[in-house]
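Below is one structure; the comments refer to it alone.
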Amino acid sequence: MMLLRFALRRVGMIVLVMLAVTFFTTLLVNLIPGSPAFAVYGDVPLEFANRWDESHGLNDPVWLQYWHWLSQALQGNLGGSWANEGGASVGELIAGRVPVTAEIAIVSLVASLFVAIVLAMIAANRPDGVVDRLVTFVASVAHATPPFVSAVFLLLIFAVSLTWLPALGYVPIEDGLGENLRSITLPVVALVLHLAPTLLRVLRGDLVSLLNEDFVNAARSRGLPEWYVMTRHVLRPASASLITVAGISFGNLLGGSIIVEIFFGVPGLGNLVYRAVQLKDIPVLTGAVVCVALFFAVVNTAVDLSYRVLDPRVRSVL
Amino acid sequence: MSALGQQTKQAEGQPELGTPTFDARKRHRGVFRPAGFGASLFSRRVRRPKKLALILAMGWVAFVLLLATFADLLPLKDIILPIGHSNEPPHWGREFLGLDVVGRSMVSRLVFGARTSYLIAICATAVSLFIGCAIGLLAVYYRGVVDFLVNLLCNVILSLPGVLLLLTLAVVFTPSYWEVIWAIALVKLPGFIRVVQAIGRSEIEKSYVIAARGMGATGSRIMWRELLPSTLVSIVTYAGVVLPTVMLTEGALSYLGFGVPSPVASWGQMIAQSQHSIRTAPWQAVFPAVLFAINILALYTIADWLRVKVGVRSVDRTL
């Protein structure tokens, strides 16, 4: 019952936040100095810009503009792109880009979790040992290196010097899985270097403190091998906070992927947003913002709920 | 932290749990740790960064800050006009870090880039701190509708990844120092608000605030004279933790071309500009990238030390 009430309150908040975010992006159109037509079409006569504004409803009051957008959006129609009028609709544009970003984000998350879990278990096995210090040091260096900096080094080492991997571009999965994986390797590694240290730090800390608990001593005293204690007794309680952090980071991964996609020329959602901002293509930007915010909210709520379902102590606090 | 420290000390003072009866093989060494070392699921061991690393980090930041502050007085070449051929490689006798695409001195641009980075990082953190304090205290004191609205504001800001939110704002702003500072401060606001709220909510229950109320203190007196001082230490420490992330954000923003406009040097922008010639002139990307990473690492090291010293648990666990 408490859980249901919590969930309902969260959903209410999400609806409010989505309304606020979309209203805010609609408001942005009106804050652009001059007509967006100049940004979209370049140097056009003033009368053309005025007519363009009028035909796109930009002279209406803000609330009316917002109402038009909202009533269409709720029916699944996110409007048409300004920069490419008569071409693909915003919905189609986004639908075309999402699989690329989703592939990179999911592969990055899985790889980060794998790297973080393995390294954290090795490091926590001997706290303050040589391996632990080495892992912690490498992790903090990687943590301090933002994706657009690590991308420079990755590109120079693996694409320019060693020429193992392609420097730019993206090969769709239909053109062969091998080529596809090769093309996303560098972006994924750049994101993993960004994400894995955060997960590693949290998990290592949890593991080290859990290894001093009585139930671990009990398990050890029964003669269970160390790897068994680590994987079966300690990893599970430690993963509660890992799930939370992984959930939060997954959202940030979308932010990081914007930069990585631009750096490596991957035609994902990030590149779409970047182009839309440069061209002041507000419908596309709004559509992308709505999608990301919705996804973000769903992930965060799911993480919170799963946390509450998994851990009865949190459930009672609410 | 002081409470936690006492706990640990107490626990260490306690006698050990008795000699274990089972085989004390080497792999069981965890068993003999004093209890209370990491008692609950949520208390994780606090790692003190090594002294040397801290000294190096502080020295480095002080050095860079000095360079950035007195960049005008240093014998540096012009950062706006080309001083030689474009893409001239590093050479000890002439330009020891080489020239960029346009033929401008890399050394000068790196030093002035440090100024941009630190100026924006410090200003944006300060702006965010002041506004966050004010909003957080208002929410703590007035509760109800104000609290709800502040919560909504935080959720709206947090509903998008920071970079995406900044890109969305970039549609409107014409990049300049102040607009970049305001935009980044806005993105970092929820963290400050949450810290003030978390501490303020527990402080406002305490007897000194109730006593002040009893003496007829006004709302603003309670907020600014009673609550603010008790949140200040945590909030300043949190600012230290946020500072490197602000610098990261600024770097990302100027990499994307929405940072301070072009004649002003900034590291992110230098990386972006060098990207086309990365095969032929890799030094143009490598130097700003290395500098950027070292600075962030140094700032993180200092922030970690500060956090351990003052004992503020980070609110945002992804930091």
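Chain labels A, B, ... are given in the sequence in which chains occur in the structure tokens; within each chain residues are numbered consecutively from 1, and ligands are likewise numbered from 1 in the order shown.
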Contacts from chain A to chain B, 6 Å maximum, only C-alpha atoms: show me the residue list as a compact mmCIF listing (two decimals) with C-alpha atoms, in the first residue's frame.
# COMPACT_ATOMS: atom_id res chain seq x y z
CA VAL A 17 8.05 17.67 -14.48
CA ILE A 32 15.49 33.31 -29.52
CA ALA A 144 39.03 12.46 -13.86
CA THR A 145 39.23 12.09 -17.62
CA VAL A 149 39.59 13.86 -23.42
CA GLY A 205 33.54 0.32 -0.74
CA ASP A 206 30.45 -1.82 -0.14
CA SER A 209 32.73 -3.11 4.54
CA ASN A 252 24.27 10.51 -17.35
CA GLY A 255 24.64 12.99 -21.66
CA VAL A 277 20.76 23.15 -31.49
CA ALA A 293 13.44 13.13 -19.99
Check the DSSP output for the backbone and give back, as a ChimeraX atom specification, the residues of stretch 56-219 of chain A in alpha helix (DSSP H). /A:62-74,90-125,130-143,147-154,177-210,214-219
Residues within 10 Å of A:Gly265, please, as an MDAnalysis selection string. Count only C-alpha atoms; anything in the same chain fewer than 5 positions from it doesn't count. chainID A and resid 167:170 187 259:260 271
Within 12 Å of stretch 228-230 of chain B, counting only C-alpha atoms, which residues show up once you throw out same-chain ones fewer than 5 positions away? Write them as number ranges by chain, please. B: 130, 132-138, 140-141, 195-204, 206, 208-209, 220-223, 235-236
Go ahead and dump the residues you just picked, N, CA and C atoms, as a PDB file, in the first residue's frame.
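Done, and the output landed in result10.pdb:
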ATOM      1  N   PHE B 130      25.484  30.422  -3.693  1.00  0.00           N
ATOM      2  CA  PHE B 130      24.668  31.479  -3.093  1.00  0.00           C
ATOM      3  C   PHE B 130      23.186  31.248  -3.356  1.00  0.00           C
ATOM      4  N   GLY B 132      21.696  28.495  -4.333  1.00  0.00           N
ATOM      5  CA  GLY B 132      21.252  27.241  -3.727  1.00  0.00           C
ATOM      6  C   GLY B 132      20.981  27.394  -2.242  1.00  0.00           C
ATOM      7  N   CYS B 133      21.872  28.116  -1.540  1.00  0.00           N
ATOM      8  CA  CYS B 133      21.675  28.372  -0.112  1.00  0.00           C
ATOM      9  C   CYS B 133      20.357  29.104   0.111  1.00  0.00           C
ATOM     10  N   ALA B 134      20.153  30.167  -0.637  1.00  0.00           N
ATOM     11  CA  ALA B 134      18.954  30.975  -0.435  1.00  0.00           C
ATOM     12  C   ALA B 134      17.701  30.142  -0.665  1.00  0.00           C
ATOM     13  N   ILE B 135      17.649  29.435  -1.803  1.00  0.00           N
ATOM     14  CA  ILE B 135      16.455  28.660  -2.126  1.00  0.00           C
ATOM     15  C   ILE B 135      16.249  27.532  -1.115  1.00  0.00           C
ATOM     16  N   GLY B 136      17.353  26.859  -0.772  1.00  0.00           N
ATOM     17  CA  GLY B 136      17.237  25.738   0.168  1.00  0.00           C
ATOM     18  C   GLY B 136      16.713  26.189   1.520  1.00  0.00           C
ATOM     19  N   LEU B 137      17.234  27.316   2.020  1.00  0.00           N
ATOM     20  CA  LEU B 137      16.785  27.806   3.331  1.00  0.00           C
ATOM     21  C   LEU B 137      15.321  28.221   3.294  1.00  0.00           C
ATOM     22  N   LEU B 138      14.918  28.869   2.211  1.00  0.00           N
ATOM     23  CA  LEU B 138      13.503  29.246   2.081  1.00  0.00           C
ATOM     24  C   LEU B 138      12.625  28.006   2.143  1.00  0.00           C
ATOM     25  N   VAL B 140      13.317  25.138   3.510  1.00  0.00           N
ATOM     26  CA  VAL B 140      13.334  24.535   4.838  1.00  0.00           C
ATOM     27  C   VAL B 140      12.438  25.312   5.788  1.00  0.00           C
ATOM     28  N   TYR B 141      12.481  26.639   5.691  1.00  0.00           N
ATOM     29  CA  TYR B 141      11.749  27.453   6.651  1.00  0.00           C
ATOM     30  C   TYR B 141      10.258  27.477   6.356  1.00  0.00           C
ATOM     31  N   VAL B 195      21.599  19.702  -0.350  1.00  0.00           N
ATOM     32  CA  VAL B 195      22.477  19.678   0.822  1.00  0.00           C
ATOM     33  C   VAL B 195      21.920  20.599   1.902  1.00  0.00           C
ATOM     34  N   VAL B 196      21.557  21.827   1.509  1.00  0.00           N
ATOM     35  CA  VAL B 196      21.024  22.775   2.492  1.00  0.00           C
ATOM     36  C   VAL B 196      19.748  22.230   3.113  1.00  0.00           C
ATOM     37  N   GLN B 197      18.881  21.653   2.273  1.00  0.00           N
ATOM     38  CA  GLN B 197      17.621  21.116   2.788  1.00  0.00           C
ATOM     39  C   GLN B 197      17.868  20.004   3.784  1.00  0.00           C
ATOM     40  N   ALA B 198      18.771  19.085   3.416  1.00  0.00           N
ATOM     41  CA  ALA B 198      19.002  17.926   4.276  1.00  0.00           C
ATOM     42  C   ALA B 198      19.488  18.360   5.658  1.00  0.00           C
ATOM     43  N   ILE B 199      20.437  19.305   5.680  1.00  0.00           N
ATOM     44  CA  ILE B 199      20.965  19.732   6.972  1.00  0.00           C
ATOM     45  C   ILE B 199      19.971  20.635   7.681  1.00  0.00           C
ATOM     46  N   GLY B 200      19.378  21.559   6.928  1.00  0.00           N
ATOM     47  CA  GLY B 200      18.450  22.507   7.529  1.00  0.00           C
ATOM     48  C   GLY B 200      17.260  21.825   8.196  1.00  0.00           C
ATOM     49  N   ARG B 201      16.753  20.757   7.571  1.00  0.00           N
ATOM     50  CA  ARG B 201      15.583  20.075   8.139  1.00  0.00           C
ATOM     51  C   ARG B 201      15.889  19.509   9.511  1.00  0.00           C
ATOM     52  N   SER B 202      17.121  19.025   9.711  1.00  0.00           N
ATOM     53  CA  SER B 202      17.421  18.485  11.042  1.00  0.00           C
ATOM     54  C   SER B 202      17.786  19.608  12.006  1.00  0.00           C
ATOM     55  N   GLU B 203      18.398  20.684  11.488  1.00  0.00           N
ATOM     56  CA  GLU B 203      18.805  21.781  12.370  1.00  0.00           C
ATOM     57  C   GLU B 203      17.604  22.543  12.913  1.00  0.00           C
ATOM     58  N   ILE B 204      16.573  22.672  12.065  1.00  0.00           N
ATOM     59  CA  ILE B 204      15.454  23.534  12.449  1.00  0.00           C
ATOM     60  C   ILE B 204      14.665  22.931  13.616  1.00  0.00           C
ATOM     61  N   LYS B 206      16.188  21.679  16.194  1.00  0.00           N
ATOM     62  CA  LYS B 206      17.037  21.703  17.388  1.00  0.00           C
ATOM     63  C   LYS B 206      16.647  22.840  18.324  1.00  0.00           C
ATOM     64  N   TYR B 208      18.205  25.254  19.765  1.00  0.00           N
ATOM     65  CA  TYR B 208      18.619  26.654  19.619  1.00  0.00           C
ATOM     66  C   TYR B 208      17.709  27.413  18.666  1.00  0.00           C
ATOM     67  N   VAL B 209      17.184  26.701  17.669  1.00  0.00           N
ATOM     68  CA  VAL B 209      16.252  27.366  16.757  1.00  0.00           C
ATOM     69  C   VAL B 209      14.920  27.599  17.462  1.00  0.00           C
ATOM     70  N   SER B 220      13.494  35.738   8.724  1.00  0.00           N
ATOM     71  CA  SER B 220      14.780  35.961   8.069  1.00  0.00           C
ATOM     72  C   SER B 220      15.914  35.802   9.079  1.00  0.00           C
ATOM     73  N   ARG B 221      15.673  36.200  10.319  1.00  0.00           N
ATOM     74  CA  ARG B 221      16.694  36.038  11.356  1.00  0.00           C
ATOM     75  C   ARG B 221      17.008  34.543  11.543  1.00  0.00           C
ATOM     76  N   ILE B 222      15.951  33.722  11.616  1.00  0.00           N
ATOM     77  CA  ILE B 222      16.174  32.283  11.812  1.00  0.00           C
ATOM     78  C   ILE B 222      16.907  31.694  10.619  1.00  0.00           C
ATOM     79  N   MET B 223      16.497  32.112   9.407  1.00  0.00           N
ATOM     80  CA  MET B 223      17.144  31.549   8.225  1.00  0.00           C
ATOM     81  C   MET B 223      18.607  31.953   8.127  1.00  0.00           C
ATOM     82  N   ILE B 235      28.241  23.060   3.188  1.00  0.00           N
ATOM     83  CA  ILE B 235      27.958  23.588   1.864  1.00  0.00           C
ATOM     84  C   ILE B 235      29.266  23.997   1.171  1.00  0.00           C
ATOM     85  N   VAL B 236      30.187  24.530   1.940  1.00  0.00           N
ATOM     86  CA  VAL B 236      31.464  24.926   1.324  1.00  0.00           C
ATOM     87  C   VAL B 236      32.249  23.686   0.897  1.00  0.00           C
TER      88      VAL B 236
END
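Non-sequential neighbours of A:Leu199 (distance at most 10 Å, separation of 3 or more positions within a chain, only C-alpha atoms) are Ser112, Leu113, Val115, Ala116, Ile117, Ala120, Ala139, His194, Leu195, Ala196, Val202, Leu203, Arg204, Ser241, Leu242, Ile243, Thr244, Val245, Ala246 and Ser249 of chain A; Arg317 and Thr318 of chain B.
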Counting only C-alpha atoms, what is within 10 Å of stretch 21-23 of chain A, bar same-chain residues fewer than 2 positions away, as an NGL selection string? (:A and (15-19 or 25-28 or 62-63 or 65-67 or 69-70 or 286-287 or 289-290 or 293)) or (:B and (155-157 or 159-160))
Resulting file, chosen residues, C-alpha atoms, as an mmCIF file, in the first residue's frame:
data_model
loop_
_atom_site.group_PDB
_atom_site.id
_atom_site.type_symbol
_atom_site.label_atom_id
_atom_site.label_comp_id
_atom_site.auth_asym_id
_atom_site.auth_seq_id
_atom_site.Cartn_x
_atom_site.Cartn_y
_atom_site.Cartn_z
ATOM 1 C CA VAL A 15 3.804 14.269 -15.147
ATOM 2 C CA LEU A 16 4.367 17.697 -13.568
ATOM 3 C CA VAL A 17 8.053 17.671 -14.481
ATOM 4 C CA MET A 18 7.341 16.640 -18.066
ATOM 5 C CA LEU A 19 4.794 19.455 -18.406
ATOM 6 C CA THR A 25 11.325 24.329 -24.354
ATOM 7 C CA THR A 26 8.312 25.942 -26.008
ATOM 8 C CA LEU A 27 9.194 29.117 -24.178
ATOM 9 C CA LEU A 28 12.721 28.913 -25.599
ATOM 10 C CA VAL A 62 3.037 31.213 -25.462
ATOM 11 C CA TRP A 63 0.271 29.290 -23.769
ATOM 12 C CA GLN A 65 1.644 27.575 -28.772
ATOM 13 C CA TYR A 66 2.147 25.205 -25.900
ATOM 14 C CA TRP A 67 -1.427 23.967 -26.117
ATOM 15 C CA TRP A 69 2.143 21.346 -29.249
ATOM 16 C CA LEU A 70 0.805 19.431 -26.241
ATOM 17 C CA THR A 286 11.833 19.428 -28.026
ATOM 18 C CA GLY A 287 11.086 15.938 -29.274
ATOM 19 C CA VAL A 289 14.260 16.387 -24.844
ATOM 20 C CA VAL A 290 10.858 14.803 -24.221
ATOM 21 C CA ALA A 293 13.438 13.135 -19.991
ATOM 22 C CA ASN B 155 13.277 17.678 -10.430
ATOM 23 C CA VAL B 156 12.900 19.705 -13.609
ATOM 24 C CA ILE B 157 16.620 20.498 -13.667
ATOM 25 C CA SER B 159 15.102 15.530 -15.471
ATOM 26 C CA LEU B 160 17.721 15.895 -18.200
#
